[in-house]
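Student: Have a look at this one before I ask anything.
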Amino acid sequence: MAIKTKTVYVCSNCGMDYPKWYGQCPSCKEWNTLKEMNISSSSTTNVPAWGLTSSDGGSKNSPVNIHNVEYSHTQRIDTMDMELNRILGGGLVRGSLTLLGGEPGIGKSTLMLQLALRATGIRTLYVSGEESPQQIKMRAERIGVTNNECYILSETCTDNILSHIRSSNPDLVVIDSIQTLYTTSSDSAAGSVSQIRESTALLMRYAKSSGIPVVLIGHITKDGTLAGPKILEHMVDTVLSFEGDRNHIYRIVRCIKNRFGSTDEIGIYHMSGGGLRVVENPSQALISQHNASLSGNSIAVTLEGMRPIMIEVQALVSSAVYGTPQHSCTGYDSKRLNMLLAVLEKRVGFRLSSKDVFLNITGGIRVDDPALDLAVVASVLSSSEDISIGDKVCFAAEVGLSGEIRPVTRIEQRIAEAARLGFNIIFISRYNKVRIEDYPSIRVMPIERVEQLIKLCFS
Ligand code: TYD
Ligand code: MG
């Protein structure tokens with residue numbers, strides 16, 4: 001019997017499919033992203049992921065009373081990497097599908113090979129469609145092999161990979177990368193949206209039915225144009241994003257979706273000659289090069305996940321060289337910077353909009369925490385006035401549109417972190433209710449308005 005195929009139009013941005021073509025994707029509103037695609041009617045993507053298939057091919061799922069669902073508490077696999085364990089909420093969940101996305105060269109292969117090599121006591125299979133076993137071995141030698149049961153497979157055909165997995169029976173599978181896989185059930189080229197979807201669906205069915213966790217590596221380019229990983233985000237259980245600048249020392253693994261835990265956690269690594277190393281004291285590392293005697297530098301206490309982390313904010317304010325002043329940011333939202341500059345102009349009369357303003361978060365880290373606002377304002381004022389902010393001073397507060405200093409979450413932890421690292425003064429919002437007497441080693445300075453900061457620091 002001939003296999004029936006049907007034609008669908010799949011959006012390369014969001015992965016939705018439609019029976020007819022549209023110029024604009026009705027779901028994500030992107031233009032010219034719908035591509036024609038032939039899929040066989042036996043396509044794996046139509047079968048629910050959690051469906052267990054019985055030997056005769058039919059689904060044997062039926063409604064179960066929730067009290068009768070069996071669940072074991074030892075469902076997580078220890079990755080032997082304390083940062084990964086924490087980000088995942090205590091280890092890799094059995095039967096889960098995890099996606100690790102990131103730009104090329106950031107260290108995805110290294111992190112996952114490290115995982116396969118270090119997870120002792122379990123059998124791991126590292127499938128690479130990009131590197132030969134010799135190349136993987138070279139990388140493994142740099143990292144150091146400890147797991148005797150780590151297997152390497154160079155293969156790009158998903159169907160073959162699945163048959164190898166079934167015969168070798170591993171406890172953990174890593175696929176590097178999902179973009180290199182193809183399956184014979186789809187006739188489009190490897191790396192295309194339909195191939196990625198089909199291969200992921202096959203692997204997802206395998207993970208769910210066998211209870212073996214599968215980790216997929218996916219490439220994302222800087223502008224996010226590559227289709228694959230965006231679609232995958234909907235299909236997988238957990239999405240980890242590997243961020244940072246490959247020219248910087250620090251790399252951050254951030255959890256952006258987690259069906260089995262919180263998405264608040266991040267892990268900080270640095271790339272060494274022997275693989276990725278966990279940064280055990282990130283605050284210390286990130287402010288180690290801080291020079292308090294230079295103007296434009298300040299220290300903020302931000303919160304990454306549950307952890308307070310101290311980072312350095314640098315600003316440079318200079319007369320605009322060209323007609324239109326430039327405002328540019330690295331690691332910080334430039335809209336937010338413009339807002340803070342407008343607040344300074346309107347509320348305290350600093351004419352900064354006609355100046356070039358550059359802002360940099362050191363260490364190659366991107367921060368969204370509003371608690372950074374006060375440090376940004378302090379840095380900008382410090383550079384503009386050319387007055388350095390005193391040594392051992394730090395900031396943790398949001399700045400509102402009317403120049404008011406607003407409270408931030410978990411202020412106690414932030415103050416404690418600043419005190420731990422030997423800071424003498426921390427500026428916070430007056431509306432953050434803290435018992436100052438709880439922190440004898442640090443002076444807590446509650447302020448209400450931006451003007452007070454200027455009076456206390458720059459006059
Ligand atoms: P890689 O993990 O291959 O990145 P990705 O898979 O995300 O494309 O490697 C990242 C970079 O790290 C690469 O340029 C080589 C470098 N590297 C080290 O500096 N030290 C090491 O021990 C290893 C294994 C790689
Ligand atoms: Mg790689």
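Quick note on naming: the chains in the structure tokens go A, B, ... in the order shown, residues restart at 1 in each chain, and ligands are numbered from 1 in order of appearance.
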Check the DSSP output for the backbone and give back, as JSON, numbers by chain, the residues of segment 18-264 of chain A in strand (DSSP E or B).

Tutor: {"A": [18, 24, 31, 34, 35, 36, 37, 38, 39, 40, 53, 59, 76, 77, 92, 93, 97, 98, 99, 100, 101, 102, 124, 125, 126, 127, 128, 150, 151, 152, 153, 154, 157, 172, 173, 174, 175, 176, 182, 186, 214, 215, 216, 217, 218, 219, 238, 239, 240, 241, 242, 243, 250, 251, 252, 253, 254, 255, 256, 257, 258]}

Student: Counting only C-alpha atoms and all ligand atoms, what residues are within 9 Å of ligand 1, given as a PyMOL selection string?

Tutor: chain A and resi 101-114+138-143+176-177+217-219+242+246+271-276

Student: Find the residues near segment 313-319 of chain A: any atom within 7 Å, counting only C-alpha atoms, skip ones fewer than 4 places away on the same chain, and give them as number ranges by chain.

Tutor: A: 296-299, 355-362, 375-376, 379-380, 383-384

Student: Just the selected residues (N, CA and C atoms), exported as a short mmCIF file (atom, residue, chain, number, x, y, z; two decimals), in the first residue's frame, please.

Tutor:
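And here is the file that came out, part-v2.cif:
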```cif
data_model
loop_
_atom_site.label_atom_id
_atom_site.label_comp_id
_atom_site.auth_asym_id
_atom_site.auth_seq_id
_atom_site.Cartn_x
_atom_site.Cartn_y
_atom_site.Cartn_z
N GLY A 296 31.85 56.66 36.99
CA GLY A 296 31.00 55.90 36.06
C GLY A 296 30.81 54.44 36.45
N ASN A 297 31.51 53.99 37.49
CA ASN A 297 31.38 52.59 37.92
C ASN A 297 30.52 52.50 39.18
N SER A 298 29.62 51.53 39.20
CA SER A 298 28.88 51.29 40.44
C SER A 298 28.56 49.80 40.55
N ILE A 299 28.15 49.40 41.74
CA ILE A 299 27.85 47.98 41.97
C ILE A 299 26.37 47.84 42.32
N LYS A 355 23.51 64.11 25.18
CA LYS A 355 24.85 63.52 25.32
C LYS A 355 24.86 62.07 24.82
N ASP A 356 26.05 61.60 24.48
CA ASP A 356 26.21 60.17 24.19
C ASP A 356 26.27 59.45 25.53
N VAL A 357 25.46 58.40 25.67
CA VAL A 357 25.50 57.63 26.92
C VAL A 357 25.72 56.16 26.57
N PHE A 358 26.76 55.57 27.12
CA PHE A 358 27.04 54.15 26.90
C PHE A 358 26.96 53.45 28.24
N LEU A 359 26.30 52.29 28.23
CA LEU A 359 26.15 51.56 29.48
C LEU A 359 26.61 50.13 29.27
N ASN A 360 27.32 49.61 30.21
CA ASN A 360 27.86 48.26 30.06
C ASN A 360 27.73 47.50 31.38
N ILE A 361 27.20 46.27 31.29
CA ILE A 361 27.19 45.39 32.45
C ILE A 361 28.40 44.49 32.26
N THR A 362 29.32 44.50 33.18
CA THR A 362 30.56 43.77 32.93
C THR A 362 30.36 42.25 33.08
N ALA A 375 21.54 51.67 40.41
CA ALA A 375 22.97 51.60 40.09
C ALA A 375 23.22 52.23 38.72
N VAL A 376 22.29 52.04 37.78
CA VAL A 376 22.44 52.64 36.45
C VAL A 376 22.42 54.16 36.58
N SER A 379 25.65 55.33 38.15
CA SER A 379 26.77 55.27 37.21
C SER A 379 26.72 56.42 36.21
N VAL A 380 25.52 56.69 35.69
CA VAL A 380 25.36 57.75 34.69
C VAL A 380 25.72 59.11 35.33
N SER A 383 29.50 59.37 35.98
CA SER A 383 30.29 59.66 34.79
C SER A 383 30.05 61.09 34.33
N SER A 384 28.80 61.52 34.36
CA SER A 384 28.45 62.85 33.90
C SER A 384 29.12 63.93 34.76
#
```

Student: Restricting the calculation to only C-alpha atoms and all ligand atoms, which member of A:Ile447, A:Leu294, A:Val174, A:Ile268 is positioned closest to ligand 2?

Tutor: A:Val174

Student: Given only C-alpha atoms and all ligand atoms as the basis, pick out the residue of A:Glu130, A:Gly121, A:Met16, A:Ile87 nearest to ligand 2.

Tutor: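 Residue with the minimum atom-to-atom distance to ligand 2: A:Glu130.
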